[in-house]
>>> print(open('query11.pdb').read())   # PDB, C-alpha atoms
ATOM      1  CA  MET J  21      20.477 -17.852   7.097
ATOM      2  CA  LEU J  22      18.723 -17.962   3.761
ATOM      3  CA  ASN J  23      20.613 -15.373   1.758
ATOM      4  CA  LYS J  24      23.996 -13.981   2.631
ATOM      5  CA  ASN J  25      24.229 -12.417  -0.807
ATOM      6  CA  VAL J  26      21.787  -9.512  -0.497
ATOM      7  CA  THR J  27      23.374  -6.407  -2.024
ATOM      8  CA  LEU J  28      22.557  -2.765  -2.640
ATOM      9  CA  SER J  29      23.568  -0.860  -5.757
ATOM     10  CA  LEU J  30      22.638   2.316  -7.571
ATOM     11  CA  GLN J  31      21.647   0.255 -10.625
ATOM     12  CA  GLY J  32      19.273  -1.697  -8.401
ATOM     13  CA  CYS J  33      17.679   1.535  -7.153
ATOM     14  CA  VAL J  34      17.295   2.844 -10.700
ATOM     15  CA  ARG J  35      15.755  -0.450 -11.796
ATOM     16  CA  GLY J  36      13.357  -0.394  -8.829
ATOM     17  CA  ALA J  37      12.313   3.149  -9.732
ATOM     18  CA  THR J  38      11.893   2.166 -13.399
ATOM     19  CA  ILE J  39       9.721  -0.858 -12.675
ATOM     20  CA  CYS J  40       7.199   1.137 -10.674
ATOM     21  CA  ILE J  41       6.801   3.953 -13.253
ATOM     22  CA  PRO J  42       3.664   2.407 -14.860
ATOM     23  CA  VAL J  43       1.823   2.687 -11.541
ATOM     24  CA  MET J  44       2.883   6.295 -10.895
ATOM     25  CA  PRO J  45      -0.071   7.952 -12.716
ATOM     26  CA  GLY J  46      -2.347   6.261 -10.183
ATOM     27  CA  ILE J  47      -0.184   7.436  -7.247
ATOM     28  CA  ILE J  48       0.008  11.012  -8.597
ATOM     29  CA  ALA J  49      -3.768  11.148  -9.141
ATOM     30  CA  VAL J  50      -4.478  10.046  -5.562
ATOM     31  CA  GLY J  51      -1.862  12.509  -4.229
ATOM     32  CA  MET J  52      -3.509  15.351  -6.137
ATOM     33  CA  VAL J  53      -6.921  14.403  -4.798
ATOM     34  CA  PHE J  54      -5.468  14.462  -1.279
ATOM     35  CA  GLY J  55      -4.130  17.975  -1.927
ATOM     36  CA  THR J  56      -7.596  19.063  -3.015
ATOM     37  CA  VAL J  57      -9.256  17.498   0.026
ATOM     38  CA  ALA J  58      -6.705  19.154   2.339
ATOM     39  CA  ALA J  59      -7.339  22.558   0.742
ATOM     40  CA  GLN J  60     -11.107  22.115   1.106
ATOM     41  CA  LYS J  61     -10.689  21.196   4.778
ATOM     42  CA  GLY J  62      -8.809  24.466   5.302
ATOM     43  CA  LEU J  63      -5.283  23.167   5.951
ATOM     44  CA  THR J  64      -2.479  25.618   5.209
ATOM     45  CA  PHE J  65      -0.033  24.740   2.433
ATOM     46  CA  LEU J  66       2.681  23.873   4.961
ATOM     47  CA  GLU J  67       0.324  21.661   6.978
ATOM     48  CA  THR J  68      -0.682  19.801   3.809
ATOM     49  CA  ILE J  69       2.945  19.186   2.809
ATOM     50  CA  LEU J  70       3.857  17.995   6.308
ATOM     51  CA  ILE J  71       1.007  15.519   6.776
ATOM     52  CA  ASN J  72       1.417  14.177   3.242
ATOM     53  CA  SER J  73       5.195  13.723   3.215
ATOM     54  CA  LEU J  74       5.653  12.573   6.814
ATOM     55  CA  VAL J  75       2.758  10.143   7.210
ATOM     56  CA  PHE J  76       3.107   8.904   3.588
ATOM     57  CA  ALA J  77       0.227   6.437   3.770
ATOM     58  CA  GLY J  78      -2.582   7.463   1.424
ATOM     59  CA  ALA J  79      -5.649   5.669   2.740
ATOM     60  CA  SER J  80      -4.956   6.589   6.373
ATOM     61  CA  GLN J  81      -4.459  10.259   5.444
ATOM     62  CA  PHE J  82      -7.876  10.405   3.788
ATOM     63  CA  VAL J  83      -9.572   8.740   6.751
ATOM     64  CA  ALA J  84      -7.761  11.085   9.174
ATOM     65  CA  MET J  85      -9.008  14.077   7.148
ATOM     66  CA  GLU J  86     -12.551  12.784   7.607
ATOM     67  CA  VAL J  87     -11.968  12.886  11.369
ATOM     68  CA  TYR J  88     -10.229  16.297  11.259
ATOM     69  CA  GLY J  89     -12.172  19.319  12.384
ATOM     70  CA  ASP J  90     -11.493  23.015  12.878
ATOM     71  CA  PRO J  91     -10.917  23.955  15.709
ATOM     72  CA  LEU J  92      -8.761  20.916  16.281
ATOM     73  CA  THR J  93      -9.149  19.522  19.812
ATOM     74  CA  LEU J  94      -6.856  17.066  21.575
ATOM     75  CA  GLY J  95      -9.680  14.502  21.401
ATOM     76  CA  LEU J  96      -9.721  14.837  17.614
ATOM     77  CA  VAL J  97      -5.926  14.495  17.536
ATOM     78  CA  VAL J  98      -6.179  11.190  19.410
ATOM     79  CA  ALA J  99      -8.929  10.038  17.043
ATOM     80  CA  MET J 100      -6.812  10.963  13.987
ATOM     81  CA  ILE J 101      -3.871   8.967  15.335
ATOM     82  CA  GLY J 102      -6.203   6.070  16.209
ATOM     83  CA  VAL J 103      -7.747   5.740  12.742
ATOM     84  CA  THR J 104      -4.273   6.044  11.222
ATOM     85  CA  ALA J 105      -3.143   3.078  13.312
ATOM     86  CA  ALA J 106      -6.209   1.049  12.333
ATOM     87  CA  VAL J 107      -5.853   1.690   8.605
ATOM     88  CA  ASN J 108      -2.093   1.051   8.618
ATOM     89  CA  MET J 109      -2.215  -2.090  10.771
ATOM     90  CA  ARG J 110      -1.424  -4.164   7.674
ATOM     91  CA  MET J 111       2.073  -2.597   7.606
ATOM     92  CA  VAL J 112       3.003  -4.927  10.478
ATOM     93  CA  LEU J 113       2.356  -7.928   8.247
ATOM     94  CA  ILE J 114       3.981  -6.408   5.174
ATOM     95  CA  GLY J 115       7.102  -5.621   7.187
ATOM     96  CA  ALA J 116       7.127  -9.093   8.722
ATOM     97  CA  SER J 117       7.076 -10.735   5.294
ATOM     98  CA  LEU J 118      10.130  -8.680   4.247
ATOM     99  CA  ARG J 119      12.276 -10.218   6.994
ATOM    100  CA  PRO J 120      13.641 -13.106   4.905
ATOM    101  CA  TRP J 121      14.529 -10.596   2.148
ATOM    102  CA  LEU J 122      16.101  -7.767   4.148
ATOM    103  CA  GLY J 123      17.166  -9.716   7.230
ATOM    104  CA  GLN J 124      20.792  -9.798   6.066
ATOM    105  CA  VAL J 125      21.023  -6.055   5.484
ATOM    106  CA  PRO J 126      22.565  -4.073   8.394
ATOM    107  CA  ALA J 127      19.953  -2.603  10.748
ATOM    108  CA  TRP J 128      21.206   0.982  10.277
ATOM    109  CA  GLN J 129      20.256   0.630   6.604
ATOM    110  CA  THR J 130      16.957  -1.244   6.893
ATOM    111  CA  TYR J 131      15.298   0.715   9.699
ATOM    112  CA  PRO J 132      15.559   4.132   8.002
ATOM    113  CA  SER J 133      14.492   2.549   4.702
ATOM    114  CA  LEU J 134      11.347   1.121   6.339
ATOM    115  CA  PHE J 135      10.050   4.708   6.416
ATOM    116  CA  VAL J 136       9.320   4.416   2.673
ATOM    117  CA  LEU J 137       7.619   1.021   3.032
ATOM    118  CA  THR J 138       4.345   0.960   1.094
ATOM    119  CA  ASP J 139       2.195  -1.797  -0.397
ATOM    120  CA  LEU J 140       3.688  -0.893  -3.765
ATOM    121  CA  ASN J 141       7.421  -1.261  -3.176
ATOM    122  CA  TRP J 142       6.790  -4.185  -0.824
ATOM    123  CA  LEU J 143       5.020  -6.040  -3.595
ATOM    124  CA  LEU J 144       7.631  -5.145  -6.201
ATOM    125  CA  ALA J 145      10.481  -6.194  -3.940
ATOM    126  CA  LEU J 146       8.756  -9.455  -3.173
ATOM    127  CA  SER J 147       8.014 -10.426  -6.761
ATOM    128  CA  GLU J 148      11.594  -9.547  -7.758
ATOM    129  CA  TYR J 149      12.914 -11.623  -4.844
ATOM    130  CA  ASN J 150      10.908 -14.606  -6.069
ATOM    131  CA  LYS J 151      12.503 -14.138  -9.497
ATOM    132  CA  GLY J 152      15.941 -14.380  -7.893
ATOM    133  CA  THR J 153      16.841 -10.697  -7.476
ATOM    134  CA  ARG J 154      19.015 -10.044  -4.412
ATOM    135  CA  ASP J 155      19.671  -6.318  -4.906
ATOM    136  CA  TRP J 156      17.438  -4.518  -2.402
ATOM    137  CA  GLY J 157      17.843  -1.300  -4.386
ATOM    138  CA  ILE J 158      14.607  -2.586  -5.991
ATOM    139  CA  TYR J 159      12.850  -1.853  -2.712
ATOM    140  CA  LEU J 160      14.681   1.376  -1.925
ATOM    141  CA  GLY J 161      14.580   2.913  -5.404
ATOM    142  CA  SER J 162      10.875   2.265  -5.932
ATOM    143  CA  GLY J 163      10.113   3.501  -2.402
ATOM    144  CA  LEU J 164      12.048   6.749  -2.837
ATOM    145  CA  LEU J 165      10.511   7.515  -6.253
ATOM    146  CA  THR J 166       7.017   6.839  -4.911
ATOM    147  CA  TRP J 167       7.686   9.106  -1.914
ATOM    148  CA  ALA J 168       9.069  11.911  -4.096
ATOM    149  CA  LEU J 169       6.168  11.859  -6.578
ATOM    150  CA  TRP J 170       3.599  11.464  -3.795
ATOM    151  CA  SER J 171       5.099  14.486  -2.016
ATOM    152  CA  LEU J 172       5.070  16.633  -5.167
ATOM    153  CA  SER J 173       1.678  15.570  -6.495
ATOM    154  CA  VAL J 174      -0.123  17.140  -3.552
ATOM    155  CA  ILE J 175       1.003  20.641  -4.676
ATOM    156  CA  PRO J 176      -0.976  20.969  -7.956
ATOM    157  CA  GLY J 177      -3.914  19.282  -6.213
ATOM    158  CA  TYR J 178      -3.813  21.847  -3.393
ATOM    159  CA  PHE J 179      -3.793  24.873  -5.698
ATOM    160  CA  ALA J 180      -5.825  23.656  -8.654
ATOM    161  CA  GLY J 181      -8.671  22.017  -6.789
ATOM    162  CA  SER J 182     -10.438  20.112  -9.509
ATOM    163  CA  LEU J 183      -7.533  19.205 -11.798
ATOM    164  CA  VAL J 184      -8.356  15.528 -11.318
ATOM    165  CA  SER J 185     -11.779  15.869  -9.784
ATOM    166  CA  ASP J 186     -12.740  12.320 -10.658
ATOM    167  CA  PRO J 187      -9.912   9.799 -11.224
ATOM    168  CA  LYS J 188     -12.592   7.278 -12.231
ATOM    169  CA  VAL J 189     -13.130   8.871 -15.637
ATOM    170  CA  PHE J 190      -9.611   7.896 -16.719
ATOM    171  CA  GLY J 191      -9.713   4.535 -14.988
ATOM    172  CA  LEU J 192      -6.982   5.727 -12.596
ATOM    173  CA  ASP J 193      -8.776   4.287  -9.564
ATOM    174  CA  VAL J 194      -8.253   0.707 -10.764
ATOM    175  CA  VAL J 195      -4.516   1.138 -11.439
ATOM    176  CA  LEU J 196      -3.407   0.018  -7.981
ATOM    177  CA  PRO J 197      -5.799  -2.934  -7.494
ATOM    178  CA  ALA J 198      -5.072  -4.055 -11.069
ATOM    179  CA  PHE J 199      -1.356  -3.976 -10.336
ATOM    180  CA  PHE J 200      -2.005  -6.078  -7.231
ATOM    181  CA  ALA J 201      -4.082  -8.575  -9.197
ATOM    182  CA  ALA J 202      -1.339  -8.837 -11.842
ATOM    183  CA  LEU J 203       1.367  -9.483  -9.246
ATOM    184  CA  LEU J 204      -0.799 -12.083  -7.541
ATOM    185  CA  VAL J 205      -0.702 -14.273 -10.660
ATOM    186  CA  PRO J 206       2.962 -15.403 -10.434
ATOM    187  CA  LEU J 207       2.579 -16.063  -6.682
ATOM    188  CA  TRP J 208       0.231 -18.982  -7.386
ATOM    189  CA  LYS J 209       2.072 -22.277  -7.161
ATOM    190  CA  GLY J 210      -0.588 -24.862  -6.296
ATOM    191  CA  LYS J 211      -2.916 -26.214  -3.639
ATOM    192  CA  ARG J 212      -1.316 -24.373  -0.713
ATOM    193  CA  GLN J 213      -1.941 -20.989  -2.339
ATOM    194  CA  THR J 214      -5.457 -21.928  -3.430
ATOM    195  CA  VAL J 215      -6.489 -22.888   0.105
ATOM    196  CA  SER J 216      -4.664 -19.983   1.739
ATOM    197  CA  TRP J 217      -6.182 -17.422  -0.651
ATOM    198  CA  LEU J 218      -9.690 -18.850  -0.328
ATOM    199  CA  VAL J 219      -9.437 -18.633   3.462
ATOM    200  CA  ALA J 220      -8.003 -15.091   3.236
ATOM    201  CA  GLY J 221     -10.726 -14.010   0.796
ATOM    202  CA  GLY J 222     -13.521 -15.575   2.819
ATOM    203  CA  VAL J 223     -12.430 -14.015   6.108
ATOM    204  CA  ALA J 224     -11.736 -10.644   4.457
ATOM    205  CA  ALA J 225     -15.162 -10.561   2.784
ATOM    206  CA  LEU J 226     -16.909 -11.588   6.003
ATOM    207  CA  THR J 227     -15.037  -8.938   8.009
ATOM    208  CA  TRP J 228     -15.838  -6.330   5.395
ATOM    209  CA  TYR J 229     -19.568  -7.098   5.545
ATOM    210  CA  LEU J 230     -19.644  -7.230   9.355
ATOM    211  CA  VAL J 231     -17.264  -4.432  10.388
ATOM    212  CA  GLY J 232     -16.404  -2.508   7.208
ATOM    213  CA  GLY J 233     -13.378  -0.249   6.991
ATOM    214  CA  TYR J 234      -9.861  -1.573   6.665
ATOM    215  CA  TRP J 235      -9.919  -4.372   9.234
ATOM    216  CA  SER J 236     -10.587  -6.935   6.521
ATOM    217  CA  ILE J 237      -7.023  -6.611   5.204
ATOM    218  CA  PHE J 238      -5.674  -7.524   8.608
ATOM    219  CA  THR J 239      -8.037 -10.383   9.511
ATOM    220  CA  GLY J 240      -7.977 -11.882   6.010
ATOM    221  CA  ALA J 241      -4.182 -11.780   5.763
ATOM    222  CA  ILE J 242      -3.670 -13.410   9.170
ATOM    223  CA  ALA J 243      -6.235 -16.119   8.431
ATOM    224  CA  GLY J 244      -4.589 -16.823   5.064
ATOM    225  CA  ALA J 245      -1.114 -16.982   6.598
ATOM    226  CA  PHE J 246      -2.320 -19.440   9.262
ATOM    227  CA  ALA J 247      -3.973 -21.581   6.623
ATOM    228  CA  GLY J 248      -0.698 -21.605   4.676
ATOM    229  CA  ALA J 249       1.340 -22.394   7.786
ATOM    230  CA  TYR J 250      -0.835 -25.285   8.940
ATOM    231  CA  LEU J 251      -1.524 -26.879   5.585
ATOM    232  CA  ASP J 252       0.914 -29.755   5.384
ATOM    233  CA  ASP J 253       1.848 -31.140   2.008
TER     234      ASP J 253
ATOM    235  CA  MET A  16      -8.447  30.710   7.816
ATOM    236  CA  THR A  17      -6.409  33.801   8.571
ATOM    237  CA  GLU A  18      -3.058  32.019   8.740
ATOM    238  CA  GLY A  19      -0.506  32.279   5.933
ATOM    239  CA  ALA A  20       0.383  29.422   3.609
ATOM    240  CA  PHE A  21       3.629  28.676   5.462
ATOM    241  CA  THR A  22       2.297  28.563   8.996
ATOM    242  CA  ALA A  23       1.087  25.520  10.878
ATOM    243  CA  ASP A  24      -1.196  25.051  13.861
ATOM    244  CA  PRO A  25       0.798  23.521  16.781
ATOM    245  CA  ILE A  26      -2.051  21.102  17.613
ATOM    246  CA  PHE A  27      -2.194  20.007  13.976
ATOM    247  CA  LEU A  28       1.564  19.427  14.120
ATOM    248  CA  LEU A  29       0.989  17.217  17.149
ATOM    249  CA  ALA A  30      -1.523  15.157  15.139
ATOM    250  CA  VAL A  31       0.908  14.849  12.219
ATOM    251  CA  LEU A  32       3.783  13.776  14.465
ATOM    252  CA  GLY A  33       1.548  11.233  16.226
ATOM    253  CA  MET A  34       0.314   9.824  12.907
ATOM    254  CA  THR A  35       3.892   9.667  11.606
ATOM    255  CA  ALA A  36       5.156   7.917  14.737
ATOM    256  CA  VAL A  37       2.371   5.332  14.817
ATOM    257  CA  THR A  38       2.741   4.601  11.099
ATOM    258  CA  TYR A  39       6.511   4.194  11.337
ATOM    259  CA  THR A  40       6.112   1.932  14.369
ATOM    260  CA  LEU A  41       3.805  -0.306  12.334
ATOM    261  CA  ARG A  42       6.128  -0.180   9.299
ATOM    262  CA  ALA A  43       9.163  -1.210  11.342
ATOM    263  CA  GLY A  44       7.380  -3.246  14.039
ATOM    264  CA  GLY A  45       6.506  -6.359  12.065
ATOM    265  CA  TYR A  46       9.999  -6.500  10.608
ATOM    266  CA  TRP A  47      11.500  -6.081  14.079
ATOM    267  CA  ILE A  48       9.357  -8.820  15.675
ATOM    268  CA  MET A  49      10.225 -11.298  12.931
ATOM    269  CA  GLY A  50      13.916 -10.799  13.709
ATOM    270  CA  ARG A  51      13.277 -11.986  17.261
ATOM    271  CA  LEU A  52      11.005 -14.965  16.587
ATOM    272  CA  PRO A  53      12.578 -18.325  15.890
ATOM    273  CA  ILE A  54      11.809 -19.098  12.234
ATOM    274  CA  THR A  55      10.465 -22.658  12.476
ATOM    275  CA  PRO A  56       9.333 -24.391   9.257
ATOM    276  CA  ARG A  57       5.757 -23.549  10.258
ATOM    277  CA  VAL A  58       6.511 -19.849  10.754
ATOM    278  CA  ARG A  59       8.377 -19.842   7.446
ATOM    279  CA  ARG A  60       5.398 -21.367   5.637
ATOM    280  CA  GLY A  61       3.131 -18.790   7.262
ATOM    281  CA  LEU A  62       5.455 -15.969   6.126
ATOM    282  CA  GLU A  63       5.480 -17.415   2.616
ATOM    283  CA  ALA A  64       1.685 -17.519   2.531
ATOM    284  CA  LEU A  65       1.403 -13.977   3.915
ATOM    285  CA  PRO A  66       2.002 -11.880   0.758
ATOM    286  CA  GLY A  67      -0.678 -13.630  -1.313
ATOM    287  CA  ALA A  68      -3.099 -13.502   1.614
ATOM    288  CA  ILE A  69      -2.477  -9.756   2.054
ATOM    289  CA  ILE A  70      -3.048  -9.088  -1.646
ATOM    290  CA  VAL A  71      -6.284 -11.118  -1.748
ATOM    291  CA  SER A  72      -7.553  -9.402   1.406
ATOM    292  CA  THR A  73      -6.678  -5.985  -0.035
ATOM    293  CA  ILE A  74      -8.280  -6.508  -3.428
ATOM    294  CA  LEU A  75     -11.489  -8.246  -2.359
ATOM    295  CA  PRO A  76     -13.073  -5.351  -0.394
ATOM    296  CA  ILE A  77     -12.182  -3.031  -3.317
ATOM    297  CA  VAL A  78     -14.106  -5.376  -5.633
ATOM    298  CA  LEU A  79     -17.037  -5.644  -3.205
ATOM    299  CA  LYS A  80     -17.153  -1.839  -2.996
ATOM    300  CA  GLY A  81     -16.495  -1.164  -6.684
ATOM    301  CA  GLY A  82     -18.965  -3.662  -8.065
ATOM    302  CA  LEU A  83     -19.051  -5.356 -11.448
ATOM    303  CA  ALA A  84     -16.968  -2.765 -13.322
ATOM    304  CA  VAL A  85     -13.984  -3.056 -10.962
ATOM    305  CA  ALA A  86     -14.298  -6.851 -10.861
ATOM    306  CA  LEU A  87     -14.202  -6.994 -14.675
ATOM    307  CA  CYS A  88     -11.147  -4.715 -14.776
ATOM    308  CA  LEU A  89      -9.260  -6.976 -12.374
ATOM    309  CA  VAL A  90     -10.212 -10.023 -14.449
ATOM    310  CA  VAL A  91      -8.799  -8.196 -17.482
ATOM    311  CA  ALA A  92      -5.593  -7.424 -15.555
ATOM    312  CA  SER A  93      -5.194 -11.036 -14.398
ATOM    313  CA  MET A  94      -5.863 -12.446 -17.861
ATOM    314  CA  ALA A  95      -3.367 -10.041 -19.439
ATOM    315  CA  GLN A  96      -0.806 -11.055 -16.847
ATOM    316  CA  VAL A  97      -1.400 -14.790 -17.361
ATOM    317  CA  ILE A  98      -0.951 -14.424 -21.123
ATOM    318  CA  LEU A  99       1.721 -11.726 -21.390
ATOM    319  CA  ARG A 100       3.531 -11.766 -18.007
ATOM    320  CA  LYS A 101       4.023  -8.008 -18.148
ATOM    321  CA  GLU A 102       2.663  -6.113 -15.140
ATOM    322  CA  TYR A 103       2.551  -2.717 -16.792
ATOM    323  CA  VAL A 104       0.648  -4.026 -19.813
ATOM    324  CA  ALA A 105      -1.863  -5.630 -17.420
ATOM    325  CA  VAL A 106      -2.302  -2.328 -15.559
ATOM    326  CA  PHE A 107      -2.712  -0.422 -18.819
ATOM    327  CA  CYS A 108      -5.365  -2.890 -20.054
ATOM    328  CA  ALA A 109      -7.269  -2.623 -16.767
ATOM    329  CA  ALA A 110      -7.236   1.195 -16.775
ATOM    330  CA  GLY A 111      -8.401   1.176 -20.405
ATOM    331  CA  ALA A 112     -11.172  -1.280 -19.572
ATOM    332  CA  ALA A 113     -12.241   0.886 -16.616
ATOM    333  CA  ALA A 114     -12.377   4.059 -18.715
ATOM    334  CA  ALA A 115     -14.368   2.213 -21.402
ATOM    335  CA  LEU A 116     -16.790   0.667 -18.893
ATOM    336  CA  ARG A 117     -17.379   4.040 -17.196
ATOM    337  CA  ALA A 118     -17.899   5.729 -20.564
ATOM    338  CA  ALA A 119     -20.474   3.019 -21.312
ATOM    339  CA  GLY A 120     -22.158   3.912 -18.044
ATOM    340  CA  LEU A 121     -21.424   0.748 -16.051
TER     341      LEU A 121
END
>>> encode(input="query11.pdb", output="structure tokens")
Amino acid sequence: MLNKNVTLSLQGCVRGATICIPVMPGIIAVGMVFGTVAAQKGLTFLETILINSLVFAGASQFVAMEVYGDPLTLGLVVAMIGVTAAVNMRMVLIGASLRPWLGQVPAWQTYPSLFVLTDLNWLLALSEYNKGTRDWGIYLGSGLLTWALWSLSVIPGYFAGSLVSDPKVFGLDVVLPAFFAALLVPLWKGKRQTVSWLVAGGVAALTWYLVGGYWSIFTGAIAGAFAGAYLDD
Amino acid sequence: MTEGAFTADPIFLLAVLGMTAVTYTLRAGGYWIMGRLPITPRVRRGLEALPGAIIVSTILPIVLKGGLAVALCLVVASMAQVILRKEYVAVFCAAGAAAALRAAGL
């Protein structure tokens, strides 16, 4: 198909991990806040570690903790799983867009590595791919570092409650969206992107006003992809 | 809670395993489906448009929620990126702008 020359090397992993270091303060801050929230909700230390390291999807964990209650009933369990699915629905699209990149890598390597798929390493991998990189260590290395730091950051947050009580004071809350905005810049090529992004933005904003929550990512992205697919040059 | 730090409620474990399973299914599902769909030129164009559309749809609600301060920070990040083409510098500028704007009470 498109690229038979996709490789994996340790150098690639190291480079992937290095590239995402500037965003790590934002990840660590959010992880610490999750630890604090979990402690306040009365989770044990082990429970906090398990939910944080296994689910590994920040926004959905916070929403699930809003649903959580003690005593935990089976109804609440179903609700927690349901909101997790809703918030993480965008992962379907992110994974789909990685197909041209990772499609040549053997399945026994890609499927385990999809466990560490996040918006962050997806975006990094994609922008590197557009620059001509074919070493998917970029994806794996950045994913593993993010997972490791995310898993560790919850510990100080759990025990030291208010260490980062308000990430806003240090501007840490804009780190991730700013990174997204920066990586959007090189993706712009011309009219196709302009139309596709306007459609995506319009639908996302409308969904956000009407429904709220995280559905806007899903509806906006699909609308934008359709606009891109059906806009003929 | 009377439980120790290294114990876990079985029902909570069930919730965690369910959340993990559903999240992994979504992570791997889109990738899996795309391996089974014929990649026509139209599908390929849609896939190419997808990343930008996802980013726009992710950022916009954050801006709508965060108001003027967040919007300004993202403008700073984009401008820095257009001029310097260095993601980490753009992120640093945006975080600095956010801290400054908050300190100024915006």
>>> atom_distance(input="query11.pdb", atom1="atom CA of Val103 of chain J", atom2="atom CA of Ala79 of chain J")
10.2 Å
>>> interface_residues(input="query11.pdb", of="chain A", to="chain J", cutoff="6 Å", atoms="all atoms listed in the file", output="MDAnalysis selection string")
chainID A and resid 20:21 23 30:31 33:35 41:46 49 57 60:62 64:65 68:69 71:74 89 92:93 96 102:103 106 110 113:114
>>> residues_around(input="query11.pdb", residues="Ala112 of chain A", least_positions_apart="2", cutoff="9 Å", atoms="only C-alpha atoms", output="list in words")
Gly191 of chain J; Ala84, Leu87, Cys88, Val91, Phe107, Cys108, Ala109, Ala110, Ala114, Ala115, Leu116 and Arg117 of chain A
>>> closest_residue(input="query11.pdb", among="J:Gln31, J:Gly36, J:Lys61, J:Gly177", to="Glu148 of chain J", atoms="all atoms listed in the file")
J:Gly36
>>> atom_distance(input="query11.pdb", atom1="atom CA of Gly19 of chain A", atom2="atom CA of Ile175 of chain J")
15.8 Å
>>> atom_distance(input="query11.pdb", atom1="atom CA of Asn141 of chain J", atom2="atom CA of Gly32 of chain J")
13.0 Å
>>> closest_residue(input="query11.pdb", among="A:Leu75, A:Leu99, A:Leu83, A:Met94", to="Leu121 of chain A", atoms="all atoms listed in the file")
A:Leu83
>>> residues_around(input="query11.pdb", residues="Ala86 of chain A", least_positions_apart="6", cutoff="9 Å", atoms="all atoms listed in the file", output="list in words")
Ile77, Val78 and Leu79 of chain A
>>> residues_around(input="query11.pdb", residues="Leu165 of chain J", least_positions_apart="3", cutoff="12 Å", atoms="all atoms listed in the file", output="PyMOL selection string")
chain J and resi 33-41+43-44+47-48+136-138+140-141+157-162+168-173
